[in-house]
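Trainee: Handing you a structure now.
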Amino acid sequence: MTTLKMGRRALIATAAAVATLSFGAPVFADGHQVLDEIHFIIPGGAGGGWDGTARGTGEALTEAGLVGTATYENMSGGGGGVAIGYMIENAESLEGALMVNSTPIVIRSLTGVFPYNFNDLTLVSGTIGDYAAIVVGKDSPINSMDDLLAAWDADQSGTPIGGGSVPGGMDHLVAAMVMEASGRDALAVNYIPYDAGGTAMAALLSGEIAALSTGFSEAVDLSNAGEVKIIGVTSDARVAAASDAKTMIEQGIDTTFVNWRGFFGAPGMSDEKLAQYQAAIEAMYDTPEWEAVRARNGWVNIHNSGEDFRTFLEAQETVIGDLMKKLGFL
């Protein structure tokens, strides 16, 4: 049997050609407009990782000329469950919408928080990876992970760590991983959940929590604004977007983690529309507009389209499920 492998640009052209034949209108990639518009549904509030990923992707797609216009709708609630339910219940009217999501869609289906999982949606494309970070307020006496661990050892309940996700969610899981890797009891973390990254950050700045577990890109934005200090990053080496921020490994905490983010369509999306979305995202990676957004946020390119995305997510289910069992969350 002969296997034919096509390069990236050939695949883009093929997907675009399928869309052209089906819709009868010219659709191009490689720097030409693929879609008139995309409406992004964001399962959390402003200031979180989902919000930044959707808006950054929309910015790159429109400024590169691959998409005419992008609009955004924040639909927080239920740790992302409200938006997923909306996509499923209103599928017939949502061909023009993409929902951003990430590792929590796997976590919350494993724990039974959601009655559905990624297989109930149309898998469009995994897009980026974002490291996690632990940050403290700019005026905090804590300046390193050693300082945070010392404060936690002295008063566990009085050293709460917050996050923009539900208990047992992504931010909680990262905090627990870090604590376990430092030799502490992961289940003893006094975790305070917030429904969005922006709300969690406000709690940090007000002193309601001692530290915040969050996405690296959100941490970079607030660090650049002088609002927080990044005291630990879950990358295996320092990231250029915040080169002064030490990794966990540098500080004797042997753990790394990267959180994927990607896009999903409503169930039953037509093959033609799916091909257009995938062609636009595929072509985006070759544009300087995307590279500017990616570098600014410190993201890693993790591109998995269609069935490759499904294979990736199924592997994530296994890895995360094993980790959550180890930490006592399952």
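We label chains A, B, ... in the order they appear in the structure tokens, count residues from 1 in each chain, and number ligands from 1 in the order shown.
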I want to know what sits within 8 Å of Tyr194 in chain A, based on only C-alpha atoms, with residues of the same chain fewer than 6 positions away left out; could you give that as a count of residues only?
Mentor: 6
Trainee: Would you mind listing, for every residue of range 167-228 of chain A within 10 Å of range 105-120 of chain A, the two atoms forming the shortest contact and the distance between them in Å to one decimal, using only C-alpha atoms, sorted by chain and ascending residue number, as CSV?
Mentor:
residue,atom,partner,partner_atom,distance
A:Gly168,CA,A:Ile107,CA,7.9
A:Gly169,CA,A:Ile107,CA,6.5
A:Met170,CA,A:Ile107,CA,7.5
A:Leu173,CA,A:Ile107,CA,9.4
Trainee: Would you tabulate, counting only C-alpha atoms, all residues of range 212-235 of chain A that have an atom at most 10 Å from an atom of range 175-187 of chain A, showing the closest pair of atoms and their distance in Å to one decimal, sorted by chain then ascending number, as a tab-separated table?
Mentor:
residue	atom	partner	partner_atom	distance
A:Leu212	CA	A:Ala175	CA	8.7
A:Ser213	CA	A:Ala175	CA	6.2
A:Thr214	CA	A:Ala175	CA	9.2
A:Gly232	CA	A:Val178	CA	9.6
A:Thr234	CA	A:Val178	CA	8.6
Trainee: May I ask which of the residues A:Ser140, A:Thr62, A:Asn101, A:Asn224 is the closest one to Gly79 in chain A, counting only C-alpha atoms?
Mentor: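 Once distances to Gly79 in chain A are computed over only C-alpha atoms, the minimum belongs to A:Asn101.
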Trainee: What does the distance from CA of Val136 in chain A to CA of Arg238 in chain A come to in Å, to one decimal?
Mentor: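 So the answer is 18.3 Å.
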Trainee: Write down as a list in words the residues belonging to range 21-95 of chain A that are assigned strand (DSSP E) by DSSP computed on the backbone.
Mentor: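 Residues meeting the strand (DSSP E) criterion: Leu35, Asp36, Glu37, Ile38, His39, Phe40, Ile41, Ile42, Val67, Gly68, Thr69, Ala70, Thr71, Tyr72, Glu73 and Asn74 of chain A.
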Trainee: To one decimal in Å, tell me the separation between CA of Gly65 in chain A and CA of Glu307 in chain A.
Mentor: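 Between CA of Gly65 in chain A and CA of Glu307 in chain A the gap is 26.7 Å.
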Trainee: Work out how far apart CA of Gly44 in chain A and CA of Ala266 in chain A are and give it in Å to one decimal.
Mentor: 17.5 Å
Trainee: For Thr122 in chain A, which residue among A:Glu95, A:Ala279, A:Pro160, A:Asn74 is the nearest when counting only C-alpha atoms?
Mentor: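 Of the candidates, the smallest distance to Thr122 in chain A is held by A:Glu95.
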